[in-house]
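See structure below.
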Amino acid sequence: MLDGLLAPLERSNAFIWTALAVAVVLTLQIEPFRGWGGNEIHYFALGLRAVRPDQFGPNHAAFDHSVARFASFAILGGTVAVFGYDSALITLRFVAIVAYALAFAYLARCLKLSRAETLVALLLFVLVGQCYFAIEWLFAGVEGKAFAYAAVFASIGLAWRDKDFAAVGVAALATYLHFLVGGFWAVAVIGLIGLKSGNVRRMGALHC
């Protein structure tokens with residue numbers, strides 16, 4: 001009985017069970033079936049315009065001249081084109097939950113956190129408002145930055161395990177998904193690699 005109670009504190013927790021536990025918390029937080037929130041409808045419309053410009057005229061309110069968000073717009077717009085707006089919202093919220101759960105569990109495993117420690121850290125972050133600056137949430141809906149943050153978690157885990165080139169590659173993917181989120185954390189990941197390796201020249205080579 002005692003072994004069962006202490007199981008969540010073991011550092012050797014099975015990855016899949018940790019990911020499932022994280023997914024449950026995020027499902028309760030993100031609520032896939034609730035209505036539209038934040039900027040979701042705006043980004044979904046921009047995504048649809050990116051993949052189906054024929055459906056929009058010159059006077060539509062959905063417009064964006066940025067070329068840096070083509071990856072996230074392709075995900076959002078492509079899903080809307082296939083499923084429609086409401087079903088796309090539900091589908092992509094579940095996709096975001098799965099991506100977050102897998103990446104977050106991987107990061108926790110790389111840091112050798114137990115399942116209990118992983119969940120406590122996540123719950124505390126959510127309970128205190130989950131914004132580390134400028135009211136920028138991580139777990140509240142689905143936008144391009146949600147997929148970018150999942151990639152960031154995986155990138156930090158890879159860097160922590162000294163898989164430097166894979167870490168930089170995933171950080172680059174995060175940048176394509178959301179320029180600001182990915183760009184900021186790509187610099188942080190490169191800094192982490194430099195600190196862990198103690199080789200500033202190596203850090204600069206990865207940056208280039």
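Chain labels A, B, ... are given in the sequence in which chains occur in the structure tokens; within each chain residues are numbered consecutively from 1, and ligands are likewise numbered from 1 in the order shown.
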Fewer than 2 positions away in the same chain doesn't count, so skip those; otherwise give me all residues within 8 Å of range 96-103 of chain A, counting only C-alpha atoms, as JSON, numbers by chain.
{"A": [19, 20, 22, 23, 26, 27, 30, 92, 93, 94, 105, 106, 107, 142, 146, 147, 149, 150, 151, 153, 154]}
Kindly give the distance, in Å, that separates CA of Thr175 in chain A and CA of Cys131 in chain A, rounded to a single decimal.
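Value for the CA of Thr175 in chain A-CA of Cys131 in chain A distance: 19.8 Å.
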May I have all residues of range 36-108 of chain A that DSSP, computed from the backbone, assigns to alpha helix (DSSP H), given as a PDB file with N, CA and C atoms, in the first residue's frame?
ATOM      1  N   GLU A  40      -8.782  33.827 -30.664  1.00  0.00           N
ATOM      2  CA  GLU A  40      -8.891  32.606 -31.457  1.00  0.00           C
ATOM      3  C   GLU A  40      -9.600  32.821 -32.790  1.00  0.00           C
ATOM      4  N   ILE A  41     -10.771  33.443 -32.768  1.00  0.00           N
ATOM      5  CA  ILE A  41     -11.542  33.596 -33.999  1.00  0.00           C
ATOM      6  C   ILE A  41     -10.776  34.448 -35.015  1.00  0.00           C
ATOM      7  N   HIS A  42     -10.028  35.426 -34.507  1.00  0.00           N
ATOM      8  CA  HIS A  42      -9.238  36.295 -35.383  1.00  0.00           C
ATOM      9  C   HIS A  42      -8.153  35.493 -36.102  1.00  0.00           C
ATOM     10  N   TYR A  43      -7.416  34.686 -35.341  1.00  0.00           N
ATOM     11  CA  TYR A  43      -6.335  33.911 -35.941  1.00  0.00           C
ATOM     12  C   TYR A  43      -6.856  32.788 -36.833  1.00  0.00           C
ATOM     13  N   PHE A  44      -7.995  32.217 -36.480  1.00  0.00           N
ATOM     14  CA  PHE A  44      -8.575  31.185 -37.338  1.00  0.00           C
ATOM     15  C   PHE A  44      -9.007  31.784 -38.676  1.00  0.00           C
ATOM     16  N   ALA A  45      -9.575  32.988 -38.626  1.00  0.00           N
ATOM     17  CA  ALA A  45      -9.981  33.656 -39.872  1.00  0.00           C
ATOM     18  C   ALA A  45      -8.758  34.005 -40.727  1.00  0.00           C
ATOM     19  N   LEU A  46      -7.709  34.487 -40.070  1.00  0.00           N
ATOM     20  CA  LEU A  46      -6.475  34.786 -40.807  1.00  0.00           C
ATOM     21  C   LEU A  46      -5.884  33.518 -41.405  1.00  0.00           C
ATOM     22  N   GLY A  47      -5.970  32.419 -40.652  1.00  0.00           N
ATOM     23  CA  GLY A  47      -5.465  31.158 -41.163  1.00  0.00           C
ATOM     24  C   GLY A  47      -6.237  30.692 -42.384  1.00  0.00           C
ATOM     25  N   LEU A  48      -7.570  30.818 -42.332  1.00  0.00           N
ATOM     26  CA  LEU A  48      -8.382  30.426 -43.474  1.00  0.00           C
ATOM     27  C   LEU A  48      -8.076  31.309 -44.672  1.00  0.00           C
ATOM     28  N   ARG A  49      -7.890  32.585 -44.440  1.00  0.00           N
ATOM     29  CA  ARG A  49      -7.568  33.482 -45.554  1.00  0.00           C
ATOM     30  C   ARG A  49      -6.225  33.111 -46.180  1.00  0.00           C
ATOM     31  N   ALA A  50      -5.291  32.614 -45.340  1.00  0.00           N
ATOM     32  CA  ALA A  50      -3.976  32.240 -45.855  1.00  0.00           C
ATOM     33  C   ALA A  50      -4.057  31.037 -46.781  1.00  0.00           C
ATOM     34  N   VAL A  51      -4.968  30.088 -46.475  1.00  0.00           N
ATOM     35  CA  VAL A  51      -5.047  28.873 -47.298  1.00  0.00           C
ATOM     36  C   VAL A  51      -6.164  28.932 -48.330  1.00  0.00           C
ATOM     37  N   PHE A  70       3.270  31.738 -41.529  1.00  0.00           N
ATOM     38  CA  PHE A  70       2.666  30.842 -42.510  1.00  0.00           C
ATOM     39  C   PHE A  70       2.453  29.441 -41.958  1.00  0.00           C
ATOM     40  N   ALA A  71       3.337  28.980 -41.060  1.00  0.00           N
ATOM     41  CA  ALA A  71       3.199  27.614 -40.530  1.00  0.00           C
ATOM     42  C   ALA A  71       1.962  27.483 -39.649  1.00  0.00           C
ATOM     43  N   SER A  72       1.798  28.406 -38.705  1.00  0.00           N
ATOM     44  CA  SER A  72       0.632  28.335 -37.818  1.00  0.00           C
ATOM     45  C   SER A  72      -0.652  28.639 -38.582  1.00  0.00           C
ATOM     46  N   PHE A  73      -0.608  29.571 -39.537  1.00  0.00           N
ATOM     47  CA  PHE A  73      -1.796  29.857 -40.346  1.00  0.00           C
ATOM     48  C   PHE A  73      -2.193  28.653 -41.189  1.00  0.00           C
ATOM     49  N   ALA A  74      -1.201  27.896 -41.664  1.00  0.00           N
ATOM     50  CA  ALA A  74      -1.508  26.695 -42.442  1.00  0.00           C
ATOM     51  C   ALA A  74      -2.223  25.665 -41.572  1.00  0.00           C
ATOM     52  N   ILE A  75      -1.796  25.526 -40.310  1.00  0.00           N
ATOM     53  CA  ILE A  75      -2.445  24.589 -39.389  1.00  0.00           C
ATOM     54  C   ILE A  75      -3.871  25.036 -39.093  1.00  0.00           C
ATOM     55  N   LEU A  76      -4.025  26.295 -38.694  1.00  0.00           N
ATOM     56  CA  LEU A  76      -5.347  26.805 -38.334  1.00  0.00           C
ATOM     57  C   LEU A  76      -6.277  26.841 -39.541  1.00  0.00           C
ATOM     58  N   GLY A  77      -5.805  27.457 -40.613  1.00  0.00           N
ATOM     59  CA  GLY A  77      -6.645  27.613 -41.794  1.00  0.00           C
ATOM     60  C   GLY A  77      -6.968  26.300 -42.467  1.00  0.00           C
ATOM     61  N   GLY A  78      -5.988  25.390 -42.522  1.00  0.00           N
ATOM     62  CA  GLY A  78      -6.240  24.093 -43.137  1.00  0.00           C
ATOM     63  C   GLY A  78      -7.290  23.308 -42.384  1.00  0.00           C
ATOM     64  N   THR A  79      -7.254  23.382 -41.054  1.00  0.00           N
ATOM     65  CA  THR A  79      -8.247  22.668 -40.245  1.00  0.00           C
ATOM     66  C   THR A  79      -9.636  23.280 -40.412  1.00  0.00           C
ATOM     67  N   VAL A  80      -9.695  24.615 -40.482  1.00  0.00           N
ATOM     68  CA  VAL A  80     -10.990  25.267 -40.721  1.00  0.00           C
ATOM     69  C   VAL A  80     -11.548  24.871 -42.080  1.00  0.00           C
ATOM     70  N   ALA A  81     -10.694  24.829 -43.090  1.00  0.00           N
ATOM     71  CA  ALA A  81     -11.139  24.477 -44.439  1.00  0.00           C
ATOM     72  C   ALA A  81     -11.720  23.066 -44.491  1.00  0.00           C
ATOM     73  N   VAL A  82     -11.192  22.175 -43.666  1.00  0.00           N
ATOM     74  CA  VAL A  82     -11.658  20.785 -43.661  1.00  0.00           C
ATOM     75  C   VAL A  82     -12.877  20.593 -42.769  1.00  0.00           C
ATOM     76  N   PHE A  83     -12.859  21.161 -41.564  1.00  0.00           N
ATOM     77  CA  PHE A  83     -13.889  20.864 -40.563  1.00  0.00           C
ATOM     78  C   PHE A  83     -14.883  21.998 -40.312  1.00  0.00           C
ATOM     79  N   TYR A  85     -15.326  26.166 -38.772  1.00  0.00           N
ATOM     80  CA  TYR A  85     -14.757  26.907 -37.647  1.00  0.00           C
ATOM     81  C   TYR A  85     -14.926  26.203 -36.305  1.00  0.00           C
ATOM     82  N   ASP A  86     -16.148  25.856 -35.928  1.00  0.00           N
ATOM     83  CA  ASP A  86     -16.386  25.322 -34.584  1.00  0.00           C
ATOM     84  C   ASP A  86     -15.712  23.976 -34.371  1.00  0.00           C
ATOM     85  N   SER A  87     -15.819  23.082 -35.348  1.00  0.00           N
ATOM     86  CA  SER A  87     -15.176  21.776 -35.217  1.00  0.00           C
ATOM     87  C   SER A  87     -13.660  21.906 -35.250  1.00  0.00           C
ATOM     88  N   ALA A  88     -13.159  22.854 -36.018  1.00  0.00           N
ATOM     89  CA  ALA A  88     -11.713  23.088 -36.054  1.00  0.00           C
ATOM     90  C   ALA A  88     -11.213  23.565 -34.696  1.00  0.00           C
ATOM     91  N   LEU A  89     -11.994  24.417 -34.034  1.00  0.00           N
ATOM     92  CA  LEU A  89     -11.609  24.907 -32.711  1.00  0.00           C
ATOM     93  C   LEU A  89     -11.477  23.754 -31.726  1.00  0.00           C
ATOM     94  N   ILE A  90     -12.485  22.890 -31.693  1.00  0.00           N
ATOM     95  CA  ILE A  90     -12.463  21.747 -30.773  1.00  0.00           C
ATOM     96  C   ILE A  90     -11.313  20.813 -31.109  1.00  0.00           C
ATOM     97  N   THR A  91     -11.164  20.504 -32.388  1.00  0.00           N
ATOM     98  CA  THR A  91     -10.112  19.585 -32.821  1.00  0.00           C
ATOM     99  C   THR A  91      -8.734  20.099 -32.460  1.00  0.00           C
ATOM    100  N   LEU A  92      -8.465  21.364 -32.749  1.00  0.00           N
ATOM    101  CA  LEU A  92      -7.131  21.905 -32.508  1.00  0.00           C
ATOM    102  C   LEU A  92      -6.859  22.134 -31.029  1.00  0.00           C
ATOM    103  N   ARG A  93      -7.910  22.353 -30.231  1.00  0.00           N
ATOM    104  CA  ARG A  93      -7.688  22.426 -28.788  1.00  0.00           C
ATOM    105  C   ARG A  93      -7.217  21.078 -28.259  1.00  0.00           C
ATOM    106  N   PHE A  94      -7.821  20.001 -28.757  1.00  0.00           N
ATOM    107  CA  PHE A  94      -7.365  18.672 -28.346  1.00  0.00           C
ATOM    108  C   PHE A  94      -5.946  18.403 -28.845  1.00  0.00           C
ATOM    109  N   VAL A  95      -5.649  18.821 -30.072  1.00  0.00           N
ATOM    110  CA  VAL A  95      -4.295  18.645 -30.608  1.00  0.00           C
ATOM    111  C   VAL A  95      -3.288  19.408 -29.748  1.00  0.00           C
ATOM    112  N   ALA A  96      -3.647  20.628 -29.363  1.00  0.00           N
ATOM    113  CA  ALA A  96      -2.755  21.430 -28.520  1.00  0.00           C
ATOM    114  C   ALA A  96      -2.538  20.760 -27.168  1.00  0.00           C
ATOM    115  N   ILE A  97      -3.601  20.211 -26.592  1.00  0.00           N
ATOM    116  CA  ILE A  97      -3.481  19.520 -25.302  1.00  0.00           C
ATOM    117  C   ILE A  97      -2.522  18.344 -25.414  1.00  0.00           C
ATOM    118  N   VAL A  98      -2.660  17.553 -26.471  1.00  0.00           N
ATOM    119  CA  VAL A  98      -1.780  16.395 -26.664  1.00  0.00           C
ATOM    120  C   VAL A  98      -0.336  16.847 -26.862  1.00  0.00           C
ATOM    121  N   ALA A  99      -0.138  17.873 -27.700  1.00  0.00           N
ATOM    122  CA  ALA A  99       1.216  18.371 -27.951  1.00  0.00           C
ATOM    123  C   ALA A  99       1.850  18.908 -26.673  1.00  0.00           C
ATOM    124  N   TYR A 100       1.087  19.701 -25.925  1.00  0.00           N
ATOM    125  CA  TYR A 100       1.570  20.230 -24.662  1.00  0.00           C
ATOM    126  C   TYR A 100       1.914  19.098 -23.693  1.00  0.00           C
ATOM    127  N   ALA A 101       1.017  18.127 -23.557  1.00  0.00           N
ATOM    128  CA  ALA A 101       1.212  17.053 -22.577  1.00  0.00           C
ATOM    129  C   ALA A 101       2.462  16.245 -22.885  1.00  0.00           C
ATOM    130  N   LEU A 102       2.654  15.887 -24.147  1.00  0.00           N
ATOM    131  CA  LEU A 102       3.823  15.097 -24.532  1.00  0.00           C
ATOM    132  C   LEU A 102       5.116  15.889 -24.313  1.00  0.00           C
ATOM    133  N   ALA A 103       5.110  17.151 -24.747  1.00  0.00           N
ATOM    134  CA  ALA A 103       6.321  17.970 -24.619  1.00  0.00           C
ATOM    135  C   ALA A 103       6.626  18.297 -23.159  1.00  0.00           C
ATOM    136  N   PHE A 104       5.587  18.595 -22.390  1.00  0.00           N
ATOM    137  CA  PHE A 104       5.775  18.940 -20.975  1.00  0.00           C
ATOM    138  C   PHE A 104       6.266  17.727 -20.190  1.00  0.00           C
ATOM    139  N   ALA A 105       5.689  16.557 -20.482  1.00  0.00           N
ATOM    140  CA  ALA A 105       6.130  15.335 -19.818  1.00  0.00           C
ATOM    141  C   ALA A 105       7.569  14.996 -20.198  1.00  0.00           C
ATOM    142  N   TYR A 106       7.921  15.230 -21.456  1.00  0.00           N
ATOM    143  CA  TYR A 106       9.299  14.983 -21.889  1.00  0.00           C
ATOM    144  C   TYR A 106      10.264  15.908 -21.157  1.00  0.00           C
ATOM    145  N   LEU A 107       9.908  17.191 -21.053  1.00  0.00           N
ATOM    146  CA  LEU A 107      10.760  18.135 -20.340  1.00  0.00           C
ATOM    147  C   LEU A 107      10.918  17.716 -18.879  1.00  0.00           C
ATOM    148  N   ALA A 108       9.802  17.320 -18.249  1.00  0.00           N
ATOM    149  CA  ALA A 108       9.858  16.884 -16.847  1.00  0.00           C
ATOM    150  C   ALA A 108      10.761  15.671 -16.689  1.00  0.00           C
TER     151      ALA A 108
END
